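Enquirer: Take a look at this one; I'll ask things after.
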2 protein chains.
Amino acid sequence: MLVLALPGGEPLAAGLASQLRCDCASLQLHRFPDGETGVRIDVAVKGRCVVLAGSLDQPDGKTLPLIFAADAARELGALQVGLVAPYLAYMRQDKRFKPGEALSSRSYARLLSASLDFLVTVDPHLHRIHSLVEIYPIRTRVVAAAPLIARWLRSHVEAPWLIGPDRESEQWVAEVAGLAGAPWTVLAKTRRGDRDVGIRLASRERWPDRTPVLLDDIISTGHTMLAATQLLKRTGLGAPLCIGVHALFDAEAQQQLLEAGATRVLSCDTITHPSNAIRMAPLLARAVRELNADDKESRK
Amino acid sequence: MLVLALPGGEPLAAGLASQLRCDCASLQLHRFPDGETGVRIDVAVKGRCVVLAGSLDQPDGKTLPLIFAADAARELGALQVGLVAPYLAYMRQDKRFKPGEALSSRSYARLLSASLDFLVTVDPHLHRIHSLVEIYPIRTRVVAAAPLIARWLRSHVEAPWLIGPDRESEQWVAEVAGLAGAPWTVLAKTRRGDRDVGIRLASRERWPDRTPVLLDDIISTGHTMLAATQLLKRTGLGAPLCIGVHALFDAEAQQQLLEAGATRVLSCDTITHPSNAIRMAPLLARAVRELNADDKESRK
């Protein structure tokens, strides 16, 4: 096996290779003056299972190099070509919210599936699409962050009260709460634009003696977390701890959360970010091993 | 028929729609805070042939929106989905110059072909690949710029001497020269890097009484044209006119050419650029009409 780091995926690739006890190298990229990207694999791939490693945040510039690399690895004799993308892009546009909108989640899944044998990711944003299998015909493994977040909470927060920012988060927040042995609730969110959200308490449930823990799968601009943090402070429910699986937000948004009263902001390391506190590499490596074993099984 | 402008393709789309006497609209793009691109077609496409229009210079950011739009048009009931890309990207990486390099020309052709029914382009950079058909399985039409450049020369330059900057340009320069009724030669180029080229006169042929016209299919950084212009000045062969089909170079490079002694720098309008002087829309529209007629023929 060989782990090949996509641009920005070097820490992930090193973590995976260490868990899988295999070689690790970086994809060589060259930006031509006309804006095209040259891709080169400068290690031997013949007869090996090649695992491309990197998150797909800011996907538009990363996707062609990824596809070129996957195709090249196969042409150069790789037995299998897989992708470990702890954050998977284009999972949110899964219906036409307005007429004429492109269903990019399906198009993107078709693009990746045409060049890959398998895909491992962490908690993809599944909402109207209930399982990756619906849109990705290749072998996939979804690594769940919930058990790791619950374990972190059990060892770091004495009496947590888990709070999801909206109805969409209900099932997932309930799962983390169950594993952490804590009560939970969800807030009611109204989205008026990318950066304009309204949030209110939807139930009368209150746990004033517990530490509120705001949980979301993706922290994007941070506006939802910010509105929720402000609501908790305003209603006297205390200073929350903010946890996201995928940290897409910038340093300024993190600062705003802390200024609004969050005691700490933390995330899983699916996207390299200052808030990273929960390490996914062991579970990602296990998923790769399982997929490889599945493949050997099916070839018997 | 409906022409849909890709980002930056608005002038091309308007020119095509005017020639084809059909509607024209722009693709609606939305950049989400996480770097994903939302694509929307806000006109009816059902039962129509949809022609996406835009050049693929700086391709990495343009390709996903293009594919999402093509897939959406088809899902929304378009009869056919084609692309008019006067400049086609990723035609240069057609062999492994170093071991392990990706053959992006083939990967890219596969990506576009999976979402399109037809493709029209102008003089793609064909070198080791001799025809688009070798890598694009869909219906394609290549519009030749040579006749239009020759026509321009006949009406603007009394006695031209056509000069190609390297051996690769030989066949093409000979064709333009034949159509323009002018003598021609090619120079010898040594490339030491993206922006480092050496150029020398390869033959003893001289036409001191004629206007030297430097011709290339792509002017990328402008370094090749610049080295050729300096060579002509240094050897007393006169101030050249520089013509490129595809103008990928920036305003600074154009200025450098003029400062080095070029009398004028001009290009076909395959990429919107201040040097554009030769209009391709009529021939592009004719190619679209022919492809449509072909399709009706094959369905009979």
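For the structure tokens, the naming scheme is as follows: chains receive sequential letters (A, B, ...) according to their order of presentation, residues are indexed from 1 within each chain, and ligands are indexed from 1 in presentation order.
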Quick one: everything within 9 Å of Glu101 in chain B, counting only C-alpha atoms, minus sequence neighbours fewer than 2 positions away in the same chain. Send it as a VMD selection string.
Expert: (chain A and resid 28 38 to 42 69 72) or (chain B and resid 93 95 to 99 103 to 104)
Enquirer: Write a file of the just-selected residues containing N, CA, C and O atoms, as an mmCIF file, in the first residue's frame.
Expert:
```
data_model
loop_
_atom_site.group_PDB
_atom_site.id
_atom_site.type_symbol
_atom_site.label_atom_id
_atom_site.label_comp_id
_atom_site.auth_asym_id
_atom_site.auth_seq_id
_atom_site.Cartn_x
_atom_site.Cartn_y
_atom_site.Cartn_z
ATOM 1 N N GLN A 28 3.313 15.454 -6.796
ATOM 2 C CA GLN A 28 4.068 16.616 -7.276
ATOM 3 C C GLN A 28 3.168 17.434 -8.193
ATOM 4 O O GLN A 28 2.691 16.925 -9.202
ATOM 5 N N GLY A 38 -0.097 20.617 -13.682
ATOM 6 C CA GLY A 38 0.611 19.389 -14.040
ATOM 7 C C GLY A 38 0.719 18.518 -12.803
ATOM 8 O O GLY A 38 1.024 19.007 -11.721
ATOM 9 N N VAL A 39 0.464 17.228 -12.948
ATOM 10 C CA VAL A 39 0.452 16.305 -11.814
ATOM 11 C C VAL A 39 1.458 15.197 -12.083
ATOM 12 O O VAL A 39 1.487 14.642 -13.178
ATOM 13 N N ARG A 40 2.272 14.899 -11.076
ATOM 14 C CA ARG A 40 3.252 13.827 -11.245
ATOM 15 C C ARG A 40 3.341 12.978 -9.980
ATOM 16 O O ARG A 40 3.305 13.503 -8.861
ATOM 17 N N ILE A 41 3.422 11.677 -10.177
ATOM 18 C CA ILE A 41 3.607 10.742 -9.060
ATOM 19 C C ILE A 41 5.048 10.252 -9.170
ATOM 20 O O ILE A 41 5.379 9.542 -10.120
ATOM 21 N N ASP A 42 5.914 10.673 -8.245
ATOM 22 C CA ASP A 42 7.328 10.335 -8.416
ATOM 23 C C ASP A 42 7.778 9.148 -7.568
ATOM 24 O O ASP A 42 8.950 9.039 -7.216
ATOM 25 N N ALA A 69 -4.498 12.542 -10.905
ATOM 26 C CA ALA A 69 -3.615 11.661 -10.133
ATOM 27 C C ALA A 69 -4.180 10.247 -10.078
ATOM 28 O O ALA A 69 -3.449 9.258 -10.241
ATOM 29 N N ALA A 72 -3.736 8.621 -13.434
ATOM 30 C CA ALA A 72 -2.326 8.310 -13.675
ATOM 31 C C ALA A 72 -1.903 7.081 -12.875
ATOM 32 O O ALA A 72 -1.211 6.196 -13.387
ATOM 33 N N GLN B 93 -0.614 18.329 -22.268
ATOM 34 C CA GLN B 93 0.007 17.217 -21.542
ATOM 35 C C GLN B 93 -0.477 15.916 -22.179
ATOM 36 O O GLN B 93 -1.363 15.233 -21.659
ATOM 37 N N LYS B 95 1.755 13.482 -23.342
ATOM 38 C CA LYS B 95 2.664 12.353 -23.100
ATOM 39 C C LYS B 95 3.367 12.564 -21.762
ATOM 40 O O LYS B 95 3.328 13.667 -21.207
ATOM 41 N N ARG B 96 3.974 11.483 -21.238
ATOM 42 C CA ARG B 96 4.716 11.627 -19.984
ATOM 43 C C ARG B 96 6.112 12.128 -20.315
ATOM 44 O O ARG B 96 6.985 11.353 -20.697
ATOM 45 N N PHE B 97 6.314 13.443 -20.171
ATOM 46 C CA PHE B 97 7.630 14.029 -20.432
ATOM 47 C C PHE B 97 8.625 13.546 -19.366
ATOM 48 O O PHE B 97 9.792 13.322 -19.636
ATOM 49 N N LYS B 98 8.139 13.389 -18.139
ATOM 50 C CA LYS B 98 8.928 12.771 -17.070
ATOM 51 C C LYS B 98 8.142 11.565 -16.561
ATOM 52 O O LYS B 98 6.906 11.573 -16.603
ATOM 53 N N PRO B 99 8.832 10.545 -16.018
ATOM 54 C CA PRO B 99 8.089 9.365 -15.527
ATOM 55 C C PRO B 99 7.077 9.776 -14.459
ATOM 56 O O PRO B 99 7.349 10.670 -13.650
ATOM 57 N N LEU B 103 -1.406 12.009 -17.721
ATOM 58 C CA LEU B 103 -1.788 12.395 -19.083
ATOM 59 C C LEU B 103 -3.100 13.162 -18.996
ATOM 60 O O LEU B 103 -4.168 12.635 -19.295
ATOM 61 N N SER B 104 -2.999 14.426 -18.578
ATOM 62 C CA SER B 104 -4.232 15.153 -18.280
ATOM 63 C C SER B 104 -5.088 15.370 -19.519
ATOM 64 O O SER B 104 -6.297 15.504 -19.414
#
```
Enquirer: Pull out every residue of chain A that has at least one atom within 9 Å of chain B, counting only C-alpha atoms, and report them as a PyMOL selection string.
Expert: chain A and resi 28+32-44+57-65+67-73+75-76+89-90+93+98-104+107-108+111+114+194-195+220-221+248-249
Enquirer: Each residue of range 192-246 of chain A lying at most 12 Å from range 134-154 of chain A should get a row with its shortest atom-to-atom pair and the distance in Å to one decimal, counting only C-alpha atoms; could you produce that, ordered by chain and increasing number, as a Markdown table?
Expert:
```
| residue | atom | partner | partner_atom | distance |
| --- | --- | --- | --- | --- |
| A:Thr211 | CA | A:Leu153 | CA | 10.7 |
| A:Pro212 | CA | A:Leu153 | CA | 11.5 |
| A:Val213 | CA | A:Leu153 | CA | 9.2 |
| A:Leu214 | CA | A:Leu153 | CA | 11.9 |
| A:Leu215 | CA | A:Ile149 | CA | 9.6 |
| A:Asp216 | CA | A:Ala146 | CA | 10.8 |
| A:Asp217 | CA | A:Ala145 | CA | 9.0 |
| A:Ile218 | CA | A:Ala145 | CA | 11.8 |
| A:Leu241 | CA | A:Leu153 | CA | 10.3 |
| A:Cys242 | CA | A:Leu153 | CA | 11.6 |
| A:Ile243 | CA | A:Ile149 | CA | 8.4 |
| A:Gly244 | CA | A:Ile149 | CA | 9.3 |
| A:Val245 | CA | A:Ala145 | CA | 6.8 |
| A:His246 | CA | A:Ala145 | CA | 9.9 |
```
Enquirer: May I have the residues from that selection written out with C-alpha atoms, as an mmCIF file, in the first residue's frame?
Expert:
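Output contents, as saved in out_21.cif:
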```
data_model
loop_
_atom_site.group_PDB
_atom_site.id
_atom_site.type_symbol
_atom_site.label_atom_id
_atom_site.label_comp_id
_atom_site.auth_asym_id
_atom_site.auth_seq_id
_atom_site.Cartn_x
_atom_site.Cartn_y
_atom_site.Cartn_z
ATOM 1 C CA THR A 211 -22.238 22.772 30.667
ATOM 2 C CA PRO A 212 -23.939 23.571 27.360
ATOM 3 C CA VAL A 213 -22.122 21.927 24.410
ATOM 4 C CA LEU A 214 -23.082 23.198 20.962
ATOM 5 C CA LEU A 215 -22.598 20.476 18.337
ATOM 6 C CA ASP A 216 -22.722 20.713 14.549
ATOM 7 C CA ASP A 217 -21.403 18.547 11.715
ATOM 8 C CA ILE A 218 -20.023 21.474 9.691
ATOM 9 C CA LEU A 241 -18.311 24.720 24.430
ATOM 10 C CA CYS A 242 -18.566 24.625 20.593
ATOM 11 C CA ILE A 243 -17.758 21.380 18.743
ATOM 12 C CA GLY A 244 -17.843 20.797 15.012
ATOM 13 C CA VAL A 245 -16.797 17.745 13.041
ATOM 14 C CA HIS A 246 -15.646 19.679 9.954
#
```
Enquirer: From range 64-155 of chain B, collect each residue whose DSSP state is alpha helix (DSSP H) and return the set as a PyMOL selection string.
Expert: chain B and resi 64-75+104-115+146-155
Enquirer: Please provide the set of residues having any atom within 7 Å of Ser55 in chain B, restricted to only C-alpha atoms, with same-chain residues fewer than 3 positions apart removed, written as a PDB file with all heavy atoms, in the first residue's frame.
Expert:
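Output below, filename part-v1.pdb:
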```
ATOM      1  N   GLY B   9     -17.857  33.982 -20.567  1.00  0.00           N
ATOM      2  CA  GLY B   9     -18.188  33.653 -21.955  1.00  0.00           C
ATOM      3  C   GLY B   9     -19.301  34.503 -22.544  1.00  0.00           C
ATOM      4  O   GLY B   9     -19.796  34.184 -23.630  1.00  0.00           O
ATOM      5  N   ALA B  85     -16.148  25.822 -26.891  1.00  0.00           N
ATOM      6  CA  ALA B  85     -15.003  26.323 -26.123  1.00  0.00           C
ATOM      7  C   ALA B  85     -13.912  26.677 -27.130  1.00  0.00           C
ATOM      8  O   ALA B  85     -13.120  25.801 -27.498  1.00  0.00           O
ATOM      9  CB  ALA B  85     -14.518  25.285 -25.127  1.00  0.00           C
ATOM     10  N   PRO B  86     -13.869  27.931 -27.590  1.00  0.00           N
ATOM     11  CA  PRO B  86     -12.893  28.287 -28.633  1.00  0.00           C
ATOM     12  C   PRO B  86     -11.464  27.961 -28.203  1.00  0.00           C
ATOM     13  O   PRO B  86     -10.632  27.619 -29.032  1.00  0.00           O
ATOM     14  CB  PRO B  86     -13.106  29.790 -28.807  1.00  0.00           C
ATOM     15  CG  PRO B  86     -14.494  30.044 -28.330  1.00  0.00           C
ATOM     16  CD  PRO B  86     -14.731  29.061 -27.225  1.00  0.00           C
ATOM     17  N   TYR B  87     -11.176  28.054 -26.910  1.00  0.00           N
ATOM     18  CA  TYR B  87      -9.901  27.555 -26.401  1.00  0.00           C
ATOM     19  C   TYR B  87     -10.195  26.365 -25.512  1.00  0.00           C
ATOM     20  O   TYR B  87     -10.925  26.464 -24.526  1.00  0.00           O
ATOM     21  CB  TYR B  87      -9.136  28.627 -25.605  1.00  0.00           C
ATOM     22  CG  TYR B  87      -7.834  28.073 -25.074  1.00  0.00           C
ATOM     23  CD1 TYR B  87      -6.781  27.805 -25.936  1.00  0.00           C
ATOM     24  CD2 TYR B  87      -7.683  27.779 -23.727  1.00  0.00           C
ATOM     25  CE1 TYR B  87      -5.596  27.258 -25.461  1.00  0.00           C
ATOM     26  CE2 TYR B  87      -6.492  27.238 -23.245  1.00  0.00           C
ATOM     27  CZ  TYR B  87      -5.455  26.988 -24.118  1.00  0.00           C
ATOM     28  OH  TYR B  87      -4.292  26.437 -23.659  1.00  0.00           O
ATOM     29  N   LEU B  88      -9.627  25.223 -25.886  1.00  0.00           N
ATOM     30  CA  LEU B  88      -9.847  23.988 -25.140  1.00  0.00           C
ATOM     31  C   LEU B  88      -8.646  23.740 -24.230  1.00  0.00           C
ATOM     32  O   LEU B  88      -7.503  23.849 -24.665  1.00  0.00           O
ATOM     33  CB  LEU B  88     -10.014  22.840 -26.146  1.00  0.00           C
ATOM     34  CG  LEU B  88     -10.292  21.451 -25.589  1.00  0.00           C
ATOM     35  CD1 LEU B  88     -11.544  21.431 -24.724  1.00  0.00           C
ATOM     36  CD2 LEU B  88     -10.446  20.457 -26.742  1.00  0.00           C
ATOM     37  N   THR B 270     -10.697  33.911 -29.509  1.00  0.00           N
ATOM     38  CA  THR B 270     -11.027  32.649 -28.828  1.00  0.00           C
ATOM     39  C   THR B 270     -10.980  32.818 -27.311  1.00  0.00           C
ATOM     40  O   THR B 270     -11.641  32.097 -26.574  1.00  0.00           O
ATOM     41  CB  THR B 270     -10.038  31.539 -29.226  1.00  0.00           C
ATOM     42  OG1 THR B 270      -8.714  31.961 -28.873  1.00  0.00           O
ATOM     43  CG2 THR B 270     -10.079  31.266 -30.726  1.00  0.00           C
ATOM     44  N   ILE B 271     -10.158  33.764 -26.860  1.00  0.00           N
ATOM     45  CA  ILE B 271     -10.109  34.145 -25.445  1.00  0.00           C
ATOM     46  C   ILE B 271     -10.240  35.672 -25.446  1.00  0.00           C
ATOM     47  O   ILE B 271      -9.513  36.340 -26.188  1.00  0.00           O
ATOM     48  CB  ILE B 271      -8.762  33.746 -24.815  1.00  0.00           C
ATOM     49  CG1 ILE B 271      -8.618  32.219 -24.803  1.00  0.00           C
ATOM     50  CG2 ILE B 271      -8.601  34.311 -23.404  1.00  0.00           C
ATOM     51  CD1 ILE B 271      -7.211  31.729 -24.515  1.00  0.00           C
TER      52      ILE B 271
END
```
Enquirer: To one decimal in Å, tell me the separation between CA of Lys296 in chain A and CA of Glu10 in chain A.
Expert: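 Computed distance, CA of Lys296 in chain A to CA of Glu10 in chain A, equals 27.9 Å.
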Enquirer: Suppose you want the space between CA of Val84 in chain B and CA of Val120 in chain B; what is it in Å?
Expert: 4.7 Å
Enquirer: For a test of reading the model, state the distance in Å between CA of Trp161 in chain A and CA of Leu232 in chain A, rounded to one decimal.
Expert: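 Pair CA of Trp161 in chain A / CA of Leu232 in chain A returns 11.9 Å.
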Enquirer: Using backbone DSSP assignments, extract all strand (DSSP E or B) residues from range 51-243 of chain A; output them as a PyMOL selection string.
Expert: chain A and resi 51-53+80-84+101+118-122+139-143+160-164+184-193+196-201+211-219+241-243
Enquirer: Report as a PyMOL selection string all protein, DNA and RNA residues lying within 12 Å of Arg289 in chain B, evaluated on only C-alpha atoms, omitting residues in the same chain fewer than 2 positions from it.
Expert: chain B and resi 1+16-17+19-22+49+51+82+84+118+120+141+282-287+291-296
Enquirer: Take the selection from the previous step and output its residues with C-alpha atoms, as a short mmCIF file (atom, residue, chain, number, x, y, z; two decimals), in the first residue's frame.
Expert:
```cif
data_model
loop_
_atom_site.label_atom_id
_atom_site.label_comp_id
_atom_site.auth_asym_id
_atom_site.auth_seq_id
_atom_site.Cartn_x
_atom_site.Cartn_y
_atom_site.Cartn_z
CA MET B 1 -31.61 26.22 -29.53
CA LEU B 16 -23.09 32.87 -31.24
CA ALA B 17 -26.77 33.52 -30.41
CA GLN B 19 -25.43 34.11 -35.64
CA LEU B 20 -27.68 31.19 -34.71
CA ARG B 21 -30.73 33.47 -34.24
CA CYS B 22 -31.60 31.91 -30.91
CA CYS B 49 -30.51 21.98 -27.78
CA VAL B 51 -25.02 25.18 -26.22
CA GLY B 82 -22.96 20.86 -26.39
CA VAL B 84 -18.42 25.78 -27.70
CA PHE B 118 -20.78 17.61 -28.80
CA VAL B 120 -16.71 22.81 -30.95
CA ARG B 141 -15.83 20.03 -34.86
CA PRO B 282 -19.52 33.05 -37.64
CA LEU B 283 -17.42 29.90 -38.11
CA LEU B 284 -18.25 28.61 -34.61
CA ALA B 285 -21.97 29.06 -35.29
CA ARG B 286 -21.63 27.22 -38.61
CA ALA B 287 -19.94 24.31 -36.82
CA LEU B 291 -23.28 19.19 -35.75
CA ASN B 292 -27.00 19.62 -35.21
CA ALA B 293 -27.71 18.65 -38.81
CA ASP B 294 -25.43 15.59 -38.42
CA ASP B 295 -27.41 14.55 -35.38
CA LYS B 296 -30.78 14.90 -37.14
#
```
Enquirer: Using only C-alpha atoms for the distances, tell me which of B:Ile199, B:Ala277, B:Val288, B:Ala159 is nearest to Asp117 in chain B.
Expert: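 Smallest separation from Asp117 in chain B among the options: B:Val288.
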